[in-house]
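Enquirer: My file is query_14.txt. It has compact mmCIF, C-alpha atoms and all ligand atoms:
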```
# COMPACT_ATOMS: atom_id res chain seq x y z
CA MET A 1 -15.19 -8.92 -8.62
CA LYS A 2 -12.21 -11.24 -8.79
CA ILE A 3 -8.98 -9.99 -10.36
CA GLU A 4 -6.24 -12.38 -11.37
CA LEU A 5 -2.76 -11.51 -12.52
CA LYS A 6 -1.30 -14.50 -14.30
CA SER A 7 2.43 -14.95 -14.73
CA ILE A 8 3.16 -11.27 -15.43
CA TYR A 9 6.60 -10.82 -16.91
CA LYS A 10 8.14 -7.42 -17.56
CA LYS A 11 11.58 -6.34 -18.68
CA TYR A 12 13.02 -2.84 -19.03
CA GLY A 13 16.02 -3.29 -21.29
CA LYS A 14 17.86 -6.20 -19.73
CA GLN A 15 16.42 -5.65 -16.26
CA GLU A 16 13.75 -8.16 -15.25
CA VAL A 17 11.35 -6.04 -13.26
CA LEU A 18 8.57 -8.63 -12.82
CA LYS A 19 9.50 -12.30 -12.93
CA HIS A 20 6.30 -14.15 -13.78
CA VAL A 21 4.25 -12.75 -10.94
CA SER A 22 0.81 -14.23 -10.23
CA MET A 23 -1.68 -13.01 -7.65
CA GLU A 24 -5.41 -12.81 -7.00
CA PHE A 25 -7.60 -10.17 -5.48
CA ASP A 26 -11.07 -10.71 -4.08
CA THR A 27 -13.15 -8.57 -1.71
CA GLY A 28 -11.10 -7.10 1.14
CA ILE A 29 -8.06 -4.96 1.83
CA TYR A 30 -4.79 -6.14 0.32
CA GLY A 31 -1.42 -4.73 1.25
CA LEU A 32 1.08 -4.89 -1.59
CA LEU A 33 4.26 -4.34 0.33
CA GLY A 34 7.82 -4.04 -0.94
CA LYS A 35 10.85 -1.82 -0.82
CA ASN A 36 11.35 0.86 -3.44
CA GLY A 37 12.22 -0.78 -6.74
CA ALA A 38 10.47 -4.08 -5.93
CA GLY A 39 8.20 -3.73 -8.96
CA LYS A 40 4.92 -2.76 -7.28
CA THR A 41 4.07 0.31 -9.36
CA THR A 42 4.96 -1.48 -12.59
CA LEU A 43 2.64 -4.32 -11.62
CA ILE A 44 -0.21 -1.90 -10.88
CA GLY A 45 0.52 -0.11 -14.17
CA ILE A 46 0.08 -3.42 -15.97
CA LEU A 47 -3.11 -4.16 -14.06
CA LEU A 48 -4.49 -0.77 -15.14
CA GLY A 49 -3.36 -1.18 -18.74
CA ILE A 50 -0.99 1.84 -18.51
CA VAL A 51 2.12 -0.34 -18.82
CA LYS A 52 2.43 -3.20 -21.28
CA ALA A 53 3.76 -6.52 -19.97
CA ASN A 54 6.09 -8.68 -22.06
CA SER A 55 3.87 -11.62 -21.22
CA GLY A 56 1.14 -12.67 -18.82
CA GLU A 57 -2.53 -11.87 -18.46
CA VAL A 58 -4.92 -9.87 -16.33
CA LEU A 59 -8.33 -11.46 -15.81
CA MET A 60 -11.55 -10.00 -14.39
CA ASP A 61 -13.92 -12.71 -13.23
CA GLY A 62 -12.07 -15.15 -15.46
CA LYS A 63 -12.21 -12.94 -18.57
CA SER A 64 -9.16 -11.26 -20.09
CA VAL A 65 -9.40 -7.50 -19.45
CA ARG A 66 -8.02 -6.88 -22.94
CA LEU A 67 -11.44 -7.93 -24.19
CA CYS A 68 -13.33 -5.58 -21.89
CA GLN A 69 -10.91 -2.73 -21.10
CA ASN A 70 -13.57 -0.01 -20.78
CA GLU A 71 -15.89 -2.10 -18.65
CA PHE A 72 -12.90 -2.97 -16.44
CA LEU A 73 -11.70 0.63 -16.07
CA ASP A 74 -15.23 1.74 -15.15
CA LYS A 75 -14.94 -0.48 -12.09
CA ILE A 76 -11.63 0.90 -10.91
CA GLY A 77 -10.67 3.88 -8.78
CA TYR A 78 -7.03 4.83 -8.68
CA LEU A 79 -4.99 7.20 -6.58
CA PRO A 80 -1.51 7.42 -8.10
CA GLN A 81 1.61 8.04 -6.07
CA TYR A 82 1.89 11.59 -7.40
CA PRO A 83 -1.64 12.72 -8.22
CA LYS A 84 -2.03 15.86 -10.31
CA PHE A 85 -4.16 18.50 -8.70
CA TYR A 86 -5.13 21.89 -10.01
CA LYS A 87 -3.97 24.17 -7.23
CA GLU A 88 -6.25 27.05 -8.14
CA MET A 89 -9.39 24.91 -8.10
CA ARG A 90 -11.58 24.63 -5.06
CA ILE A 91 -12.24 21.22 -3.55
CA ASP A 92 -15.87 20.90 -4.64
CA GLU A 93 -15.10 22.32 -8.08
CA PHE A 94 -12.32 19.78 -8.57
CA LEU A 95 -14.56 16.86 -7.64
CA MET A 96 -17.32 18.06 -9.97
CA TYR A 97 -14.75 18.39 -12.73
CA MET A 98 -13.38 14.88 -12.10
CA ALA A 99 -16.92 13.51 -12.06
CA SER A 100 -17.58 15.02 -15.49
CA LEU A 101 -14.36 13.46 -16.81
CA LYS A 102 -15.59 10.13 -15.54
CA GLY A 103 -18.80 10.57 -17.47
CA ILE A 104 -21.08 10.89 -14.44
CA SER A 105 -24.25 12.92 -15.11
CA LYS A 106 -24.48 16.39 -13.56
CA LYS A 107 -27.31 15.44 -11.22
CA ASP A 108 -25.57 12.29 -9.98
CA SER A 109 -22.30 14.18 -9.68
CA LYS A 110 -23.70 16.70 -7.23
CA GLU A 111 -25.12 13.93 -5.04
CA LYS A 112 -21.92 11.90 -5.15
CA VAL A 113 -19.65 14.86 -4.50
CA ASP A 114 -21.72 15.91 -1.48
CA TRP A 115 -21.71 12.37 -0.15
CA LEU A 116 -17.96 11.98 -0.59
CA LEU A 117 -17.18 15.39 0.90
CA HIS A 118 -18.90 14.18 4.06
CA GLU A 119 -17.29 10.72 3.93
CA VAL A 120 -13.75 12.05 3.66
CA ASN A 121 -14.46 14.85 6.11
CA LEU A 122 -13.88 17.73 3.70
CA TRP A 123 -17.37 19.14 3.73
CA ASP A 124 -16.51 22.12 5.92
CA GLY A 125 -13.47 22.98 3.83
CA LYS A 126 -15.06 22.36 0.44
CA LYS A 127 -14.51 25.93 -0.75
CA LYS A 128 -10.79 25.86 0.02
CA LYS A 129 -8.32 26.09 -2.81
CA ILE A 130 -6.41 22.86 -3.36
CA GLY A 131 -3.12 24.76 -3.19
CA ASP A 132 -3.93 25.70 0.42
CA LEU A 133 -4.64 22.18 1.68
CA SER A 134 -2.53 20.17 4.13
CA GLY A 135 -1.03 16.87 2.96
CA GLY A 136 -3.72 14.92 4.78
CA MET A 137 -6.57 16.93 3.26
CA ARG A 138 -5.09 16.58 -0.20
CA GLN A 139 -4.80 12.84 0.27
CA ARG A 140 -8.42 12.59 1.36
CA LEU A 141 -9.40 14.60 -1.71
CA GLY A 142 -7.40 12.12 -3.80
CA ILE A 143 -9.31 9.24 -2.29
CA ALA A 144 -12.62 11.05 -2.85
CA GLN A 145 -11.86 11.50 -6.58
CA ALA A 146 -10.89 7.82 -6.84
CA MET A 147 -14.21 6.89 -5.21
CA LEU A 148 -16.42 8.99 -7.52
CA ASN A 149 -17.40 6.08 -9.73
CA GLU A 150 -17.97 3.90 -6.63
CA PRO A 151 -15.34 1.46 -7.87
CA GLU A 152 -15.34 -2.23 -7.10
CA LEU A 153 -11.56 -2.06 -7.05
CA LEU A 154 -9.78 0.87 -5.38
CA ILE A 155 -6.01 1.11 -5.83
CA LEU A 156 -3.98 3.48 -3.67
CA ASP A 157 -0.27 3.86 -4.47
CA GLU A 158 1.89 4.98 -1.51
CA PRO A 159 -1.13 6.70 0.03
CA THR A 160 0.45 7.85 3.29
CA ALA A 161 3.53 9.54 1.85
CA GLY A 162 3.97 12.87 3.62
CA LEU A 163 1.20 12.34 6.16
CA ASP A 164 1.77 12.95 9.87
CA PRO A 165 0.91 10.17 12.39
CA GLN A 166 -2.55 11.54 13.14
CA GLU A 167 -3.40 11.84 9.44
CA ARG A 168 -2.23 8.26 8.93
CA ILE A 169 -4.69 7.01 11.52
CA ARG A 170 -7.47 9.04 9.95
CA PHE A 171 -6.52 7.62 6.57
CA ARG A 172 -6.64 4.04 7.87
CA ASN A 173 -10.09 4.58 9.31
CA LEU A 174 -11.29 6.01 6.01
CA ILE A 175 -9.98 3.03 4.06
CA SER A 176 -11.61 0.58 6.46
CA LYS A 177 -14.90 2.40 5.94
CA PHE A 178 -14.67 2.11 2.14
CA ALA A 179 -13.63 -1.55 2.23
CA LYS A 180 -17.12 -2.99 2.51
CA ASN A 181 -17.99 -5.11 -0.56
CA ARG A 182 -14.96 -3.77 -2.35
CA THR A 183 -11.39 -4.72 -3.16
CA ILE A 184 -8.77 -2.25 -1.98
CA ILE A 185 -5.12 -2.59 -2.90
CA LEU A 186 -2.74 -0.52 -0.79
CA VAL A 187 0.64 -0.26 -2.47
CA THR A 188 3.30 0.77 -0.02
CA HIS A 189 6.79 0.31 1.38
CA ILE A 190 5.61 1.21 4.87
CA VAL A 191 4.74 -1.82 7.00
CA SER A 192 2.52 0.09 9.42
CA ASP A 193 0.31 1.24 6.51
CA VAL A 194 -0.96 -2.30 6.09
CA GLU A 195 -0.30 -3.88 9.47
CA TYR A 196 -3.59 -2.93 11.09
CA ILE A 197 -6.01 -2.90 8.20
CA ALA A 198 -5.01 -5.38 5.50
CA ASN A 199 -6.78 -8.75 5.40
CA GLN A 200 -4.10 -10.09 3.10
CA VAL A 201 -0.52 -8.97 2.63
CA ILE A 202 1.61 -9.70 -0.41
CA ILE A 203 5.31 -8.97 0.03
CA MET A 204 7.34 -8.36 -3.13
CA ASP A 205 11.08 -8.15 -3.52
CA ASP A 206 13.12 -7.78 -6.65
CA GLY A 207 10.25 -8.48 -9.04
CA ASP A 208 8.94 -11.52 -7.24
CA ILE A 209 6.44 -12.39 -4.51
CA VAL A 210 8.41 -13.53 -1.48
CA CYS A 211 5.45 -14.37 0.74
CA GLN A 212 1.74 -13.75 1.15
CA GLY A 213 -1.08 -14.50 3.53
CA ASN A 214 -2.93 -12.88 6.37
CA ILE A 215 -0.87 -11.18 9.07
CA GLU A 216 -1.05 -14.17 11.41
CA GLN A 217 0.11 -16.59 8.72
CA LEU A 218 2.97 -14.30 7.80
CA GLU A 219 4.06 -13.88 11.39
CA ASP A 220 3.87 -17.65 11.93
CA SER A 221 6.04 -18.19 8.87
CA ILE A 222 9.08 -16.87 10.76
CA LYS A 223 8.17 -18.22 14.18
CA GLY A 224 11.30 -18.82 16.27
CA LYS A 225 13.43 -16.53 14.14
CA VAL A 226 13.07 -13.27 16.02
CA TRP A 227 15.34 -12.64 18.98
CA GLU A 228 15.98 -9.99 21.55
CA VAL A 229 19.10 -9.29 23.51
CA VAL A 230 19.84 -6.51 25.96
CA ARG A 231 23.27 -4.89 26.15
CA LYS A 232 24.69 -2.01 28.15
CA ASN A 233 24.84 1.09 25.97
CA SER A 234 28.57 1.19 26.68
CA ASP A 235 29.14 -2.44 25.55
CA THR A 236 30.70 -3.24 22.26
CA MET A 237 28.41 -5.53 20.33
CA ASP A 238 31.14 -7.52 18.63
CA ASP A 239 29.91 -10.83 20.09
CA LEU A 240 26.60 -10.62 18.26
CA ASP A 241 26.18 -12.47 15.01
CA PHE A 242 23.65 -9.89 13.99
CA GLY A 243 21.52 -11.43 11.28
CA LYS A 244 19.30 -8.48 10.44
CA VAL A 245 18.62 -5.90 13.11
CA SER A 246 14.96 -5.09 13.14
CA ASN A 247 14.99 -2.60 15.98
CA LEU A 248 17.23 -0.91 18.53
CA LYS A 249 15.58 0.57 21.56
CA ARG A 250 17.30 2.57 24.26
CA GLU A 251 16.09 1.76 27.77
CA GLY A 252 18.03 3.95 30.21
CA GLU A 253 21.53 2.48 30.46
CA ASN A 254 20.66 -0.42 28.16
CA THR A 255 19.83 -1.03 24.53
CA ARG A 256 17.31 -3.69 23.57
CA ILE A 257 18.30 -5.18 20.23
CA ARG A 258 15.82 -7.05 18.08
CA ILE A 259 17.34 -9.43 15.57
CA VAL A 260 15.82 -11.52 12.79
CA SER A 261 17.92 -14.60 12.21
CA ASP A 262 17.54 -18.31 11.45
CA ARG A 263 19.81 -19.12 14.36
CA GLN A 264 20.33 -17.75 17.84
CA PRO A 265 22.59 -14.72 17.41
CA VAL A 266 24.18 -15.05 20.88
CA VAL A 267 23.63 -17.35 23.91
CA ASP A 268 21.66 -14.85 25.96
CA ALA A 269 19.31 -13.90 23.10
CA SER A 270 15.72 -14.92 23.75
CA LYS A 271 13.01 -15.68 21.25
CA VAL A 272 10.21 -13.15 20.89
CA ARG A 273 7.01 -13.02 18.90
CA ALA A 274 7.43 -11.99 15.28
CA GLY A 275 5.72 -8.89 13.91
CA LEU A 276 5.04 -7.91 10.29
CA GLU A 277 8.09 -5.63 10.27
CA ASP A 278 10.25 -8.68 11.11
CA VAL A 279 8.60 -10.70 8.34
CA PHE A 280 9.29 -7.95 5.84
CA LEU A 281 12.91 -7.71 6.94
CA TYR A 282 13.42 -11.47 6.88
CA HIS A 283 12.14 -11.92 3.34
CA CYS A 284 13.57 -8.83 1.64
CA ARG A 285 17.12 -8.51 0.52
CA GLY A 286 19.51 -6.03 2.14
CA ASP A 287 18.84 -3.87 5.17
CA MET A 288 15.78 -1.89 6.03
CA GLU A 289 15.73 1.65 4.68
P1 LIG B 301 8.27 0.06 -6.83
O1 LIG B 301 6.95 0.62 -7.19
O2 LIG B 301 8.19 -1.21 -6.04
O3 LIG B 301 9.17 1.07 -6.18
P2 LIG B 301 8.79 0.12 -9.67
O4 LIG B 301 7.79 -0.73 -10.34
O5 LIG B 301 8.59 1.60 -9.69
O6 LIG B 301 9.01 -0.39 -8.18
O7 LIG B 301 10.22 -0.16 -10.31
C1 LIG B 301 10.76 -1.47 -10.43
C2 LIG B 301 12.06 -1.38 -11.21
O8 LIG B 301 11.78 -1.03 -12.56
C3 LIG B 301 13.04 -0.34 -10.67
O9 LIG B 301 14.34 -0.86 -10.75
C4 LIG B 301 12.83 0.81 -11.62
O10 LIG B 301 14.01 1.56 -11.73
C5 LIG B 301 12.51 0.11 -12.93
N1 LIG B 301 11.63 0.92 -13.79
C6 LIG B 301 10.38 1.32 -13.50
N2 LIG B 301 9.86 2.04 -14.52
C7 LIG B 301 10.82 2.07 -15.49
C8 LIG B 301 10.88 2.64 -16.80
N3 LIG B 301 9.85 3.33 -17.33
N4 LIG B 301 12.03 2.48 -17.50
C9 LIG B 301 13.06 1.78 -17.00
N5 LIG B 301 13.06 1.20 -15.79
C10 LIG B 301 11.96 1.35 -15.01
```
Would you mind writing the file out in structure tokens?
Expert:
Amino acid sequence: MKIELKSIYKKYGKQEVLKHVSMEFDTGIYGLLGKNGAGKTTLIGILLGIVKANSGEVLMDGKSVRLCQNEFLDKIGYLPQYPKFYKEMRIDEFLMYMASLKGISKKDSKEKVDWLLHEVNLWDGKKKKIGDLSGGMRQRLGIAQAMLNEPELLILDEPTAGLDPQERIRFRNLISKFAKNRTIILVTHIVSDVEYIANQVIIMDDGDIVCQGNIEQLEDSIKGKVWEVVRKNSDTMDDLDFGKVSNLKREGENTRIRIVSDRQPVVDASKVRAGLEDVFLYHCRGDME
């Protein structure tokens, strides 16, 4: 399935939230990356038909989704940023309930729920109440419910919020597993969420796309603009024309400073290889959060 967003324009009052944004999604994992307020959730809302754009179009395989809304929604799985769970329900009960809401027959539901419980590694805990689950388990349950209709397009909004590092790794592996023959859109403001698994990354800032491509292309786009300089911890750093500081790392008596800048920030700064975090910093306005 190919999804196209064509020149999506959205205003809230006088604020332009999306400034004629166009993008395409094919099979693979896409990272939709941007700081809070960039317009990502609004864009996804428009894609899903929850939010109405002022102008622009969403196409599925070349056809406007307005003409085939139900067919389109049948092919989508969505995990919102703040999913609603029923805390008193047990895991398996909840999935059966969600399957019935999605119009899946009882017989198919049982098979699918069992399959997904294994896939997301919740089989052993399937009788647990949702209110008793850890953040990671709840997130995996969220992904399982989004996968019930075996969607061609799976959209996950800020999926790693509140997960610890180990759960994040587990989450990434799960997403990679589900990516076969499917489009996955990971909406996030966390670079490391997409760095290792996305085939394509789209960076948004202030309602616009500021760059897109695969990780290598993005890193190449700021080649020669990432610098490192080492200073004694006790030094003042007044001589540095900072650009944007991407990282500060203490190394014993010294601090290694990583700077993203069009020009050499100081004579002893040396060029280093760009990473996705640097790309994000370079293209987005203001400092990193
Ligand atoms: P992101 O998902 O990248 O954090 P959002 O799409 O949530 O960005 O928000 C983009 C901008 O639109 C923000 O400035 C936000 O305050 C504004 N916004 C989002 N939803 C509404 C709304 N319902 N009413 C008014 N402004 C909104």
Enquirer: Please list as a ChimeraX atom specification every residue within 10 Å of Glu167 (chain A), counting all atoms listed in the file and excluding residues in the same chain fewer than 6 positions away.
Expert: /A:134-137,139-140,160,173
Enquirer: Could you pull out the residues sitting within 6 Å of ligand LIG 301 (chain B), using all atoms listed in the file, and write them as a PyMOL selection string?
Expert: chain A and resi 12+17+34-42
Enquirer: Please identify all polymer residues within 7 Å of Ser22 (chain A), counting all atoms listed in the file, omitting same-chain residues fewer than 4 positions from it, and present them as an NGL selection string.
Expert: :A and (5-8)
Enquirer: Between A:Leu48, A:Ile203, A:Gly31, A:Leu148, which one has atoms that come closest to Asn70 (chain A), using only C-alpha atoms?
Expert: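 Closest residue, counting only C-alpha atoms: A:Leu48.
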Enquirer: Please enclose the listed atoms of region 96-104 of chain A in an axis-aligned box, pad each side by 3 Å, and write out the centre and the three edge lengths in Å, rounded to one decimal, as JSON.
Expert:
```
{"center_x": -17.2, "center_y": 14.3, "center_z": -13.7, "size_x": 13.7, "size_y": 14.3, "size_z": 13.5}
```
Enquirer: Within 9 Å of Gly28 (chain A), counting all atoms listed in the file, which residues qualify if same-chain residues fewer than 4 places away don't, as a PyMOL selection string?
Expert: chain A and resi 179-185+198-200
Enquirer: Distance CA of Asp206 (chain A)-CA of Val58 (chain A), one decimal place?
Expert: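 Separation between CA of Asp206 (chain A) and CA of Val58 (chain A): 20.6 Å.
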Enquirer: Would you please work out which residue, of A:Val201, A:Leu174, A:Leu153, A:Cys68, is nearest to Thr27 (chain A) when using only C-alpha atoms?
Expert: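 Result for the nearest residue to Thr27 (chain A): A:Leu153.
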Enquirer: Within 10 Å of Met98 (chain A), counting only C-alpha atoms, which residues qualify if same-chain residues fewer than 6 places away don't, as a PyMOL selection string?
Expert: chain A and resi 92+104+109+113+145-146+148-149
Enquirer: List every protein, DNA or RNA residue that has an atom no more than 6 Å from (8.5, -3.4, 3.9) in the file's coordinate frame, counting all atoms listed in the file, and report them as an NGL selection string.
Expert: :A and (33-35 or 189-191 or 280)
Enquirer: Quick one: write out the picked residues with C-alpha atoms as a short mmCIF file (atom, residue, chain, number, x, y, z; two decimals), in the coordinates of the input?
Expert:
```cif
data_model
loop_
_atom_site.label_atom_id
_atom_site.label_comp_id
_atom_site.auth_asym_id
_atom_site.auth_seq_id
_atom_site.Cartn_x
_atom_site.Cartn_y
_atom_site.Cartn_z
CA LEU A 33 4.26 -4.34 0.33
CA GLY A 34 7.82 -4.04 -0.94
CA LYS A 35 10.85 -1.82 -0.82
CA HIS A 189 6.79 0.31 1.38
CA ILE A 190 5.61 1.21 4.87
CA VAL A 191 4.74 -1.82 7.00
CA PHE A 280 9.29 -7.95 5.84
#
```
Enquirer: Fewer than 6 positions away in the same chain doesn't count, so skip those; otherwise give me all residues within 10 Å of Val65 (chain A), counting all atoms listed in the file, as a PyMOL selection string.
Expert: chain A and resi 3-4+47-49+57-59+71-73
